[in-house]
$ cat input-v9.cif   # mmCIF, C-alpha atoms
data_structure
#
loop_
_atom_site.label_atom_id
_atom_site.label_comp_id
_atom_site.auth_asym_id
_atom_site.auth_seq_id
_atom_site.Cartn_x
_atom_site.Cartn_y
_atom_site.Cartn_z
CA MET A 1 -45.22 22.90 33.74
CA ARG A 2 -46.89 19.69 32.62
CA GLY A 3 -44.90 17.20 30.63
CA LEU A 4 -43.46 13.75 30.60
CA GLY A 5 -42.67 11.99 33.82
CA ALA A 6 -39.33 11.01 32.30
CA ALA A 7 -37.58 10.94 28.95
CA VAL A 8 -35.23 8.02 28.40
CA VAL A 9 -32.60 8.79 25.78
CA GLY A 10 -31.80 5.45 24.19
CA ALA A 11 -33.84 2.25 23.86
CA GLY A 12 -31.09 -0.31 24.19
CA ALA A 13 -30.57 -2.61 27.14
CA SER A 14 -30.19 -0.05 29.92
CA GLY A 15 -32.72 2.34 28.38
CA LEU A 16 -35.49 -0.25 28.15
CA ALA A 17 -34.72 -1.39 31.69
CA ALA A 18 -34.92 2.20 32.93
CA ALA A 19 -38.19 2.82 31.09
CA LEU A 20 -39.73 -0.29 32.63
CA GLY A 21 -38.50 0.59 36.10
CA ALA A 22 -40.04 4.05 35.90
CA ALA A 23 -43.26 3.00 34.17
CA GLY A 24 -46.41 4.40 35.72
CA VAL A 25 -45.13 7.78 36.89
CA PRO A 26 -47.48 10.70 36.13
CA GLY A 27 -46.97 12.11 32.66
CA GLY A 28 -45.70 8.79 31.37
CA ILE A 29 -42.37 7.58 30.04
CA LEU A 30 -41.04 8.25 26.55
CA ALA A 31 -38.02 6.35 25.24
CA LEU A 32 -36.27 8.09 22.35
CA GLU A 33 -34.10 5.86 20.15
CA GLY A 34 -31.83 7.22 17.44
CA ASN A 35 -31.81 3.97 15.47
CA GLY A 36 -34.69 2.86 13.32
CA LYS A 37 -35.49 0.03 15.75
CA PRO A 38 -35.05 -0.42 19.51
CA GLY A 39 -32.52 -2.87 20.91
CA ARG A 40 -30.48 -3.32 17.72
CA LYS A 41 -27.22 -3.96 19.54
CA LEU A 42 -29.01 -6.23 21.98
CA LEU A 43 -30.15 -8.43 19.09
CA ALA A 44 -26.55 -8.91 17.98
CA THR A 45 -25.11 -9.92 21.35
CA GLY A 46 -23.88 -13.41 22.09
CA ASN A 47 -23.92 -14.30 18.38
CA GLY A 48 -27.65 -13.72 18.37
CA ARG A 49 -28.23 -15.68 21.58
CA CYS A 50 -27.87 -12.78 24.06
CA ASN A 51 -25.56 -13.66 26.93
CA LEU A 52 -27.54 -11.49 29.33
CA THR A 53 -25.62 -12.04 32.59
CA ASN A 54 -23.17 -14.38 34.30
CA GLU A 55 -23.61 -16.46 37.45
CA SER A 56 -20.28 -15.10 38.73
CA ILE A 57 -20.52 -11.32 38.89
CA ALA A 58 -17.04 -10.85 40.38
CA MET A 59 -15.14 -7.58 40.33
CA ASP A 60 -12.09 -9.11 38.66
CA HIS A 61 -14.20 -9.29 35.49
CA TYR A 62 -14.63 -5.49 35.42
CA HIS A 63 -12.36 -2.56 34.55
CA GLY A 64 -12.47 1.17 35.14
CA ASP A 65 -14.01 2.56 38.35
CA VAL A 66 -14.06 -0.90 39.91
CA ARG A 67 -13.76 0.17 43.55
CA SER A 68 -16.71 2.52 43.26
CA ALA A 69 -18.81 -0.11 41.50
CA ALA A 70 -18.16 -2.99 43.92
CA PRO A 71 -20.93 -2.25 46.48
CA PHE A 72 -23.43 -1.65 43.69
CA LEU A 73 -22.67 -4.91 41.89
CA ASN A 74 -22.69 -6.81 45.18
CA ALA A 75 -26.31 -5.68 45.50
CA TRP A 76 -27.03 -6.90 41.98
CA PRO A 77 -26.08 -10.59 41.74
CA ALA A 78 -27.02 -12.53 38.62
CA ALA A 79 -30.00 -14.07 40.43
CA ARG A 80 -31.57 -10.62 40.77
CA VAL A 81 -31.33 -9.98 37.05
CA ARG A 82 -32.73 -13.43 36.27
CA ARG A 83 -35.67 -12.80 38.61
CA ALA A 84 -36.35 -9.49 36.86
CA PHE A 85 -36.58 -11.26 33.51
CA LEU A 86 -38.67 -14.08 34.96
CA ARG A 87 -41.21 -11.45 36.02
CA LEU A 88 -41.32 -10.42 32.36
CA GLY A 89 -42.05 -14.03 31.41
CA LEU A 90 -38.57 -14.90 30.15
CA LEU A 91 -36.97 -18.18 31.25
CA THR A 92 -33.16 -18.27 31.36
CA ARG A 93 -30.50 -20.95 31.57
CA ALA A 94 -26.80 -21.03 32.38
CA ASP A 95 -24.13 -22.99 30.53
CA ALA A 96 -21.25 -24.89 32.13
CA GLU A 97 -19.17 -21.70 32.34
CA GLY A 98 -21.86 -19.68 34.09
CA ARG A 99 -22.98 -17.64 31.09
CA VAL A 100 -26.72 -17.01 31.27
CA TYR A 101 -28.88 -16.99 28.13
CA PRO A 102 -32.60 -16.86 27.37
CA HIS A 103 -33.91 -20.41 27.46
CA SER A 104 -34.73 -20.20 23.74
CA LEU A 105 -31.16 -19.06 22.96
CA GLN A 106 -32.64 -16.18 20.97
CA ALA A 107 -31.65 -12.57 21.59
CA ALA A 108 -34.94 -11.63 19.96
CA ALA A 109 -36.77 -13.24 22.90
CA VAL A 110 -35.02 -10.86 25.32
CA ALA A 111 -35.89 -7.83 23.21
CA GLU A 112 -39.48 -8.99 22.81
CA ALA A 113 -39.90 -9.54 26.57
CA LEU A 114 -38.72 -5.99 27.25
CA LEU A 115 -40.74 -4.37 24.48
CA SER A 116 -43.91 -6.29 25.33
CA ALA A 117 -43.61 -5.21 28.95
CA CYS A 118 -43.07 -1.61 27.85
CA ARG A 119 -46.25 -1.74 25.79
CA GLU A 120 -48.17 -3.28 28.69
CA GLN A 121 -46.90 -0.57 31.06
CA GLY A 122 -47.76 2.28 28.70
CA VAL A 123 -44.20 3.28 27.85
CA SER A 124 -44.08 5.29 24.62
CA LEU A 125 -41.32 4.67 22.10
CA GLU A 126 -40.06 6.81 19.22
CA CYS A 127 -37.32 5.54 16.90
CA GLY A 128 -35.22 7.19 14.22
CA ARG A 129 -35.15 10.51 16.07
CA PRO A 130 -31.80 10.99 17.81
CA VAL A 131 -31.73 13.47 20.66
CA GLU A 132 -29.74 16.55 19.70
CA ARG A 133 -29.81 18.59 22.89
CA ILE A 134 -30.93 18.47 26.50
CA LEU A 135 -31.47 21.74 28.36
CA PRO A 136 -32.00 21.92 32.13
CA VAL A 137 -34.95 24.17 32.91
CA LYS A 138 -37.03 24.86 35.99
CA GLY A 139 -38.59 21.62 37.15
CA GLY A 140 -36.96 19.38 34.56
CA PHE A 141 -35.46 19.28 31.08
CA LEU A 142 -36.22 20.29 27.52
CA VAL A 143 -35.29 17.35 25.32
CA LYS A 144 -34.82 18.31 21.68
CA SER A 145 -34.84 15.77 18.86
CA ALA A 146 -35.82 15.62 15.20
CA GLY A 147 -39.34 14.92 16.45
CA GLY A 148 -39.55 18.23 18.26
CA GLU A 149 -39.08 19.49 21.81
CA ARG A 150 -40.50 17.90 24.94
CA PHE A 151 -40.47 18.81 28.57
CA ALA A 152 -39.67 15.98 30.99
CA ARG A 153 -39.41 16.20 34.75
CA ARG A 154 -36.64 13.58 34.75
CA CYS A 155 -34.21 12.47 32.08
CA VAL A 156 -32.24 9.22 31.74
CA LEU A 157 -29.15 9.11 29.53
CA ALA A 158 -28.94 5.54 28.26
CA CYS A 159 -27.36 6.17 24.86
CA GLY A 160 -24.71 3.45 24.88
CA GLY A 161 -21.06 3.93 24.00
CA LYS A 162 -18.96 4.26 20.84
CA ALA A 163 -18.44 0.56 20.16
CA SER A 164 -20.14 -0.86 17.05
CA PRO A 165 -21.03 2.53 15.51
CA LYS A 166 -23.82 1.06 13.37
CA HIS A 167 -25.65 0.43 16.64
CA SER A 168 -24.37 3.26 18.85
CA THR A 169 -22.69 6.51 17.83
CA GLY A 170 -21.39 7.67 21.21
CA SER A 171 -23.54 10.81 21.13
CA GLY A 172 -24.36 10.38 24.80
CA TYR A 173 -20.90 11.49 25.86
CA GLY A 174 -21.46 14.90 24.28
CA LEU A 175 -24.85 15.18 25.95
CA ALA A 176 -23.30 14.26 29.31
CA ARG A 177 -20.58 16.90 28.86
CA SER A 178 -23.16 19.53 27.95
CA LEU A 179 -24.87 18.84 31.27
CA GLY A 180 -21.68 19.33 33.28
CA HIS A 181 -20.15 15.85 33.39
CA THR A 182 -16.60 14.87 32.58
CA VAL A 183 -15.66 11.92 30.38
CA THR A 184 -12.47 9.92 30.79
CA PRO A 185 -10.50 8.93 27.65
CA LEU A 186 -12.43 6.46 25.51
CA SER A 187 -10.98 3.42 23.74
CA PRO A 188 -12.33 0.31 22.00
CA SER A 189 -12.60 -2.72 24.29
CA LEU A 190 -13.46 -6.38 23.84
CA THR A 191 -11.94 -6.48 20.39
CA GLY A 192 -9.06 -8.17 18.64
CA LEU A 193 -5.55 -6.79 18.66
CA GLN A 194 -3.57 -5.42 15.74
CA ALA A 195 -0.59 -7.59 14.76
CA PRO A 196 1.92 -7.54 11.87
CA LYS A 197 0.48 -9.05 8.71
CA LYS A 198 3.69 -10.94 8.05
CA PHE A 199 2.80 -13.11 11.06
CA THR A 200 -0.95 -13.32 10.74
CA ARG A 201 -1.80 -13.23 7.02
CA PRO A 202 -0.53 -16.79 6.28
CA LEU A 203 -2.76 -18.01 9.14
CA LYS A 204 -5.90 -16.07 8.28
CA GLY A 205 -8.93 -18.06 9.39
CA ILE A 206 -6.96 -20.51 11.55
CA ARG A 207 -8.36 -21.20 15.03
CA CYS A 208 -6.42 -22.86 17.82
CA ARG A 209 -6.56 -23.18 21.58
CA ALA A 210 -3.80 -21.46 23.56
CA ARG A 211 -2.88 -19.71 26.75
CA VAL A 212 -2.45 -16.10 25.65
CA ALA A 213 -0.33 -13.79 27.80
CA LEU A 214 -0.07 -10.03 27.34
CA PHE A 215 3.45 -8.69 27.89
CA GLN A 216 4.83 -5.18 27.94
CA LYS A 217 8.56 -4.64 27.74
CA GLY A 218 9.17 -8.26 28.71
CA ARG A 219 6.87 -8.31 31.75
CA GLU A 220 3.73 -10.47 31.81
CA LEU A 221 0.70 -8.38 32.72
CA CYS A 222 -2.19 -10.83 32.40
CA ALA A 223 -3.12 -14.05 30.66
CA GLU A 224 -6.15 -16.11 29.69
CA SER A 225 -6.75 -19.42 27.94
CA GLY A 226 -9.18 -19.97 25.11
CA GLU A 227 -9.62 -20.07 21.37
CA VAL A 228 -7.38 -17.80 19.29
CA ILE A 229 -8.42 -16.66 15.82
CA PHE A 230 -5.90 -15.32 13.32
CA GLY A 231 -6.97 -12.58 10.90
CA ASP A 232 -5.23 -10.52 8.26
CA GLY A 233 -3.36 -8.18 10.58
CA SER A 234 -5.08 -9.24 13.77
CA VAL A 235 -5.33 -11.81 16.54
CA SER A 236 -8.73 -12.27 18.19
CA GLY A 237 -10.93 -14.74 20.06
CA ILE A 238 -12.64 -14.27 23.42
CA CYS A 239 -9.44 -14.69 25.43
CA VAL A 240 -7.68 -12.02 23.35
CA MET A 241 -10.69 -9.73 23.54
CA ASN A 242 -10.66 -9.96 27.32
CA LEU A 243 -6.99 -9.00 27.32
CA SER A 244 -7.84 -5.97 25.18
CA ALA A 245 -9.85 -4.62 28.13
CA ARG A 246 -6.56 -4.21 30.03
CA LEU A 247 -5.06 -1.87 27.42
CA ARG A 248 -6.73 1.26 28.80
CA GLU A 249 -4.00 1.63 31.44
CA LEU A 250 -1.13 0.93 29.03
CA GLY A 251 0.80 2.78 26.37
CA ALA A 252 1.25 1.08 23.02
CA GLU A 253 5.02 0.69 23.35
CA GLY A 254 6.51 -2.76 23.80
CA LEU A 255 3.25 -4.75 23.72
CA GLU A 256 3.45 -8.41 22.81
CA LEU A 257 1.30 -11.52 22.98
CA ARG A 258 2.90 -14.84 23.83
CA LEU A 259 0.94 -17.92 22.86
CA ASP A 260 1.39 -21.23 24.63
CA LEU A 261 0.00 -23.50 21.92
CA LEU A 262 0.41 -26.70 23.96
CA GLU A 263 -0.59 -25.58 27.43
CA GLN A 264 -1.21 -29.11 28.68
CA PHE A 265 2.45 -30.09 28.17
CA SER A 266 5.51 -28.79 29.98
CA ARG A 267 8.46 -27.65 27.91
CA GLU A 268 10.36 -30.76 29.00
CA GLU A 269 7.52 -33.06 27.95
CA LEU A 270 7.24 -31.35 24.59
CA ARG A 271 11.00 -31.50 24.02
CA GLY A 272 10.90 -35.25 24.73
CA TYR A 273 8.06 -35.70 22.25
CA LEU A 274 9.92 -33.79 19.52
CA GLN A 275 13.14 -35.72 20.19
CA ALA A 276 11.32 -39.05 19.92
CA LEU A 277 9.59 -37.89 16.73
CA ALA A 278 12.87 -36.90 15.11
CA GLU A 279 14.46 -40.23 16.03
CA ALA A 280 11.51 -42.29 14.78
CA HIS A 281 11.00 -40.32 11.55
CA PRO A 282 14.40 -38.83 10.62
CA GLY A 283 13.52 -38.24 6.98
CA ARG A 284 10.46 -36.08 7.63
CA PRO A 285 10.81 -32.36 6.78
CA ALA A 286 11.13 -29.85 9.62
CA GLY A 287 7.90 -28.23 8.42
CA GLU A 288 6.09 -31.29 9.80
CA LEU A 289 7.71 -31.07 13.23
CA PHE A 290 4.41 -30.06 14.87
CA SER A 291 2.04 -31.84 12.49
CA GLY A 292 1.06 -34.41 15.13
CA ALA A 293 0.23 -31.75 17.71
CA LEU A 294 -1.01 -28.59 15.99
CA ASN A 295 -3.00 -27.39 13.02
CA LEU A 296 -0.84 -28.32 10.01
CA ARG A 297 -0.59 -24.80 8.58
CA LEU A 298 0.12 -23.34 12.00
CA GLY A 299 2.86 -25.88 12.66
CA TRP A 300 4.49 -25.16 9.31
CA GLU A 301 4.42 -21.39 10.00
CA LEU A 302 6.02 -21.88 13.43
CA VAL A 303 9.00 -23.53 11.75
CA HIS A 304 9.13 -20.67 9.25
CA TRP A 305 8.97 -18.05 12.05
CA MET A 306 11.96 -19.71 13.73
CA GLY A 307 13.95 -19.11 10.55
CA TRP A 308 14.37 -22.75 9.60
CA ASP A 309 14.19 -24.27 6.14
CA PRO A 310 10.93 -26.27 6.37
CA ASP A 311 12.36 -28.86 3.94
CA ARG A 312 15.31 -29.60 6.21
CA PRO A 313 15.08 -33.24 7.44
CA LEU A 314 14.43 -33.84 11.13
CA VAL A 315 17.60 -35.91 11.40
CA ARG A 316 19.60 -32.71 10.95
CA LEU A 317 18.01 -30.95 13.93
CA SER A 318 20.24 -30.89 16.99
CA PRO A 319 18.96 -31.50 20.55
CA GLN A 320 19.47 -27.78 21.19
CA GLU A 321 17.33 -26.88 18.19
CA LEU A 322 14.58 -29.24 19.28
CA ASP A 323 14.67 -27.67 22.73
CA ARG A 324 14.33 -24.24 21.10
CA ALA A 325 11.36 -25.49 19.07
CA ALA A 326 9.67 -26.73 22.25
CA GLY A 327 10.24 -23.39 23.94
CA TRP A 328 8.95 -21.54 20.89
CA ALA A 329 5.68 -23.49 20.81
CA LYS A 330 5.22 -22.71 24.51
CA ALA A 331 5.67 -18.94 24.01
CA VAL A 332 5.12 -17.83 20.41
CA PRO A 333 5.86 -14.06 20.41
CA ILE A 334 3.53 -11.82 18.38
CA PRO A 335 3.99 -8.03 18.58
CA VAL A 336 0.72 -6.09 18.92
CA SER A 337 0.13 -2.37 18.53
CA GLY A 338 -3.25 -1.88 20.16
CA PRO A 339 -6.93 -2.74 19.75
CA LEU A 340 -8.81 -2.95 16.48
CA SER A 341 -11.22 -0.17 15.54
CA TRP A 342 -14.54 0.82 17.07
CA GLU A 343 -16.30 -1.18 14.34
CA GLN A 344 -14.89 -4.44 15.75
CA ALA A 345 -15.28 -3.52 19.44
CA GLN A 346 -18.05 -4.87 21.66
CA CYS A 347 -17.89 -2.15 24.30
CA THR A 348 -16.27 1.12 25.31
CA ALA A 349 -13.53 1.57 27.88
CA GLY A 350 -13.83 4.90 29.70
CA GLY A 351 -16.80 7.20 30.22
CA VAL A 352 -18.41 9.31 32.93
CA PRO A 353 -16.63 8.70 36.27
CA LEU A 354 -18.79 6.84 38.76
CA GLU A 355 -18.00 9.41 41.43
CA GLU A 356 -20.23 11.81 39.48
CA VAL A 357 -23.24 9.53 39.98
CA ASP A 358 -25.13 8.40 43.08
CA LEU A 359 -24.92 4.63 42.62
CA GLU A 360 -27.92 4.03 44.86
CA THR A 361 -30.14 5.76 42.29
CA MET A 362 -27.90 6.44 39.24
CA GLU A 363 -28.82 10.13 39.59
CA SER A 364 -26.20 12.66 38.60
CA ARG A 365 -24.44 14.43 41.46
CA ILE A 366 -23.86 17.35 39.09
CA CYS A 367 -27.22 17.79 37.37
CA PRO A 368 -30.19 16.87 39.63
CA GLY A 369 -32.94 14.99 37.87
CA LEU A 370 -30.55 13.49 35.33
CA TYR A 371 -29.74 9.76 35.48
CA LEU A 372 -26.89 7.97 33.69
CA THR A 373 -26.76 4.26 32.89
CA GLY A 374 -24.89 1.50 31.11
CA GLU A 375 -21.97 1.95 28.77
CA LEU A 376 -21.89 5.74 29.22
CA LEU A 377 -20.30 5.16 32.62
CA ASP A 378 -16.65 4.35 33.26
CA LEU A 379 -17.02 0.63 33.86
CA ASP A 380 -16.63 -2.15 31.31
CA GLY A 381 -16.59 -5.90 31.69
CA ASP A 382 -15.12 -9.00 30.13
CA CYS A 383 -16.92 -11.16 27.60
CA GLY A 384 -19.46 -13.43 29.24
CA GLY A 385 -22.51 -11.29 30.03
CA TYR A 386 -20.80 -8.81 32.33
CA ASN A 387 -21.54 -5.71 30.26
CA LEU A 388 -25.19 -6.53 29.74
CA HIS A 389 -25.47 -7.26 33.47
CA TRP A 390 -24.16 -3.74 34.16
CA ALA A 391 -26.68 -2.32 31.68
CA TRP A 392 -29.65 -4.10 33.28
CA ALA A 393 -28.57 -3.27 36.83
CA THR A 394 -27.97 0.44 36.20
CA GLY A 395 -31.07 0.80 34.03
CA PHE A 396 -33.46 -0.85 36.48
CA THR A 397 -31.88 1.10 39.35
CA ALA A 398 -32.43 4.44 37.60
CA GLY A 399 -36.02 3.64 36.65
CA LEU A 400 -36.97 2.33 40.07
CA ALA A 401 -35.41 5.42 41.70
CA ILE A 402 -37.62 7.67 39.57
CA GLN A 403 -40.63 5.55 40.49
CA LYS A 404 -39.84 5.65 44.19
CA GLU A 405 -39.30 9.42 44.12
CA TRP A 406 -42.79 9.91 42.68
CA GLU A 407 -44.33 7.51 45.21
CA ALA A 408 -42.65 9.38 48.06
CA LYS A 409 -44.19 12.67 46.86
CA ALA A 410 -47.65 11.21 46.22
#
$ encode --input "input-v9.cif" --output "structure tokens"
Amino acid sequence: MRGLGAAVVGAGASGLAAALGAAGVPGGILALEGNGKPGRKLLATGNGRCNLTNESIAMDHYHGDVRSAAPFLNAWPAARVRRAFLRLGLLTRADAEGRVYPHSLQAAAVAEALLSACREQGVSLECGRPVERILPVKGGFLVKSAGGERFARRCVLACGGKASPKHSTGSGYGLARSLGHTVTPLSPSLTGLQAPKKFTRPLKGIRCRARVALFQKGRELCAESGEVIFGDGSVSGICVMNLSARLRELGAEGLELRLDLLEQFSREELRGYLQALAEAHPGRPAGELFSGALNLRLGWELVHWMGWDPDRPLVRLSPQELDRAAGWAKAVPIPVSGPLSWEQAQCTAGGVPLEEVDLETMESRICPGLYLTGELLDLDGDCGGYNLHWAWATGFTAGLAIQKEWEAKA
């Protein structure tokens, strides 16, 4: 039966990479995108700048089937991804923290490089026609969408995950299940954490730097330093979002963030500072205890959280109370109840187990001729380009495997 060389379901990061890798096979490549435009989520990444990889692709930045993924990612360092984009004509640059961006700092430049290359290589693209069903048949697959039914000798599932539903609906998980795959429990990742409004509402919009530690039942599980952002019922910022990626292994009971708001000072140094402040300015109100060190509103709220009258003069604070205040600023406790919704998430935790895929080709071990890429798989990374790196690496691997299979048969 004649038909497409391959149908790529999804024209996001991994789908476009797969289509390019497979370009040129007999019958051609068709990428089917459910959204009205290709690469919509890609355009929104990195605040519109597209953090497309990271110079340090280390396994401690990934979660899920990490052990299975390690050999694959070792074969895909950042330099390999950068070379792939250079061949498309896109220059890249890294910042001081190793995050790699297009040289123009425009996500649109990344999308344009991919789409231009697809046009040059004869890849066909249809948008606004989500795939509804994929049926294995002799010699390939029937791919059914609103645009009709096509036969393709190979099929790539590159549909993305459930995060940011306006860009990706998570339909690929149902397609994967229908073709025999399992899917581990899914949860929002790289998102803020829910916190009581009584703590966060008075600080809505406040940003501060802190070491943020995630605790469960009094035990520290992980920590990261960075900017913290307070919302109405939430705590976020990149460091908090990275901690949210660790929640997949945890229950919701007993979760707490502890914020060290003055990480550069020891508790003893901070206590000495507060003692000297109280002695030099005895008539100042307690609400101004941290006004020389922290955001004014944040400092006032800390005093309120400790249960003190903010109008109480500093002269009336005992050495023991000042020591408590120092300890409080070094470990502000904020209960959290889990991640924010899918709308606020950047990626999906969970997916198709990597053991169900041949990581040398991304071909399914369950359904021959089917390839799975990107966020559909049970691996997710921290902020910093790690998830897009996974998308490029798996997409290019799948496409090149299809290309090599054809060349071997030619």
$ residues_around --input "input-v9.cif" --residues "Pro165 in chain A" --least-positions-apart "4" --cutoff "7 Å" --atoms "only C-alpha atoms" --output "MDAnalysis selection string"
chainID A and resid 169 342:343
$ closest_residue --input "input-v9.cif" --among "A:Gly385, A:Glu288, A:Gln216, A:Pro26" --to "Val81 in chain A" --atoms "all atoms listed in the file"
A:Gly385
$ resolve_selection --input "input-v9.cif" --expression "the PyMOL selection byres ((chain A and resi 215) around 9)" --output "list in words"
Ala213, Leu214, Gln216, Lys217, Gly218, Arg219, Glu220, Leu221, Cys222, Ala223, Gly254, Leu255, Glu256, Leu257 and Arg258 of chain A
$ residues_around --input "input-v9.cif" --residues "Ser171 in chain A" --least-positions-apart "2" --cutoff "12 Å" --atoms "all atoms listed in the file" --output "list in words"
Val9, Gly10, Glu33, Gly34, Pro130, Val131, Glu132, Arg133, Ile134, Leu157, Ala158, Cys159, Gly160, Gly161, Lys162, Ala163, Pro165, His167, Ser168, Thr169, Tyr173, Gly174, Leu175, Ala176, Arg177, Ser178, Gly351, Glu375 and Leu376 of chain A
$ residues_around --input "input-v9.cif" --residues "range 266-275 of chain A" --least-positions-apart "3" --cutoff "8 Å" --atoms "all atoms listed in the file" --output "PyMOL selection string"
chain A and resi 263+278-279+289+319+322-323+325-327+330
$ atom_distance --input "input-v9.cif" --atom1 "CA of Lys204 in chain A" --atom2 "CA of Val235 in chain A"
9.3 Å
$ resolve_selection --input "input-v9.cif" --expression "the PyMOL selection byres ((chain A and resi 22) around 6)" --output "MDAnalysis selection string"
chainID A and resid 19:21 23 399:400 402:403
$ axis_aligned_box --input "input-v9.cif" --around "range 372-377 of chain A" --padding-each-side "4 Å" --output "AutoDock Vina command-line options"
--center_x -23.6 --center_y 4.7 --center_z 31.2 --size_x 14.6 --size_y 14.5 --size_z 12.9
$ build_atoms --input "input-v9.cif" --residues "range 22-37 of chain A" --atoms "N, CA and C atoms" --output "PDB file, in the coordinates of the input"
ATOM      1  N   ALA A  22     -39.356   2.791  35.592  1.00  0.00           N
ATOM      2  CA  ALA A  22     -40.040   4.050  35.900  1.00  0.00           C
ATOM      3  C   ALA A  22     -41.488   4.062  35.438  1.00  0.00           C
ATOM      4  N   ALA A  23     -41.924   3.011  34.744  1.00  0.00           N
ATOM      5  CA  ALA A  23     -43.260   3.000  34.170  1.00  0.00           C
ATOM      6  C   ALA A  23     -44.333   3.282  35.213  1.00  0.00           C
ATOM      7  N   GLY A  24     -45.295   4.098  34.823  1.00  0.00           N
ATOM      8  CA  GLY A  24     -46.410   4.400  35.720  1.00  0.00           C
ATOM      9  C   GLY A  24     -46.333   5.764  36.376  1.00  0.00           C
ATOM     10  N   VAL A  25     -45.210   6.461  36.263  1.00  0.00           N
ATOM     11  CA  VAL A  25     -45.130   7.780  36.890  1.00  0.00           C
ATOM     12  C   VAL A  25     -46.040   8.747  36.124  1.00  0.00           C
ATOM     13  N   PRO A  26     -46.594   9.742  36.796  1.00  0.00           N
ATOM     14  CA  PRO A  26     -47.480  10.700  36.130  1.00  0.00           C
ATOM     15  C   PRO A  26     -46.797  11.378  34.950  1.00  0.00           C
ATOM     16  N   GLY A  27     -47.528  11.513  33.870  1.00  0.00           N
ATOM     17  CA  GLY A  27     -46.970  12.110  32.660  1.00  0.00           C
ATOM     18  C   GLY A  27     -46.439  11.073  31.696  1.00  0.00           C
ATOM     19  N   GLY A  28     -46.149   9.880  32.215  1.00  0.00           N
ATOM     20  CA  GLY A  28     -45.700   8.790  31.370  1.00  0.00           C
ATOM     21  C   GLY A  28     -44.218   8.819  31.055  1.00  0.00           C
ATOM     22  N   ILE A  29     -43.779   7.756  30.409  1.00  0.00           N
ATOM     23  CA  ILE A  29     -42.370   7.580  30.040  1.00  0.00           C
ATOM     24  C   ILE A  29     -42.274   7.531  28.525  1.00  0.00           C
ATOM     25  N   LEU A  30     -41.331   8.288  27.977  1.00  0.00           N
ATOM     26  CA  LEU A  30     -41.040   8.250  26.550  1.00  0.00           C
ATOM     27  C   LEU A  30     -39.595   7.841  26.356  1.00  0.00           C
ATOM     28  N   ALA A  31     -39.379   6.771  25.603  1.00  0.00           N
ATOM     29  CA  ALA A  31     -38.020   6.350  25.240  1.00  0.00           C
ATOM     30  C   ALA A  31     -37.744   6.810  23.816  1.00  0.00           C
ATOM     31  N   LEU A  32     -36.656   7.535  23.645  1.00  0.00           N
ATOM     32  CA  LEU A  32     -36.270   8.090  22.350  1.00  0.00           C
ATOM     33  C   LEU A  32     -35.041   7.354  21.841  1.00  0.00           C
ATOM     34  N   GLU A  33     -35.175   6.677  20.706  1.00  0.00           N
ATOM     35  CA  GLU A  33     -34.100   5.860  20.150  1.00  0.00           C
ATOM     36  C   GLU A  33     -33.659   6.436  18.801  1.00  0.00           C
ATOM     37  N   GLY A  34     -32.351   6.651  18.676  1.00  0.00           N
ATOM     38  CA  GLY A  34     -31.830   7.220  17.440  1.00  0.00           C
ATOM     39  C   GLY A  34     -31.867   6.262  16.268  1.00  0.00           C
ATOM     40  N   ASN A  35     -31.729   4.969  16.536  1.00  0.00           N
ATOM     41  CA  ASN A  35     -31.810   3.970  15.470  1.00  0.00           C
ATOM     42  C   ASN A  35     -33.232   3.785  14.992  1.00  0.00           C
ATOM     43  N   GLY A  36     -33.365   3.105  13.871  1.00  0.00           N
ATOM     44  CA  GLY A  36     -34.690   2.860  13.320  1.00  0.00           C
ATOM     45  C   GLY A  36     -35.499   1.870  14.126  1.00  0.00           C
ATOM     46  N   LYS A  37     -34.820   1.023  14.915  1.00  0.00           N
ATOM     47  CA  LYS A  37     -35.490   0.030  15.750  1.00  0.00           C
ATOM     48  C   LYS A  37     -34.863   0.021  17.135  1.00  0.00           C
TER      49      LYS A  37
END
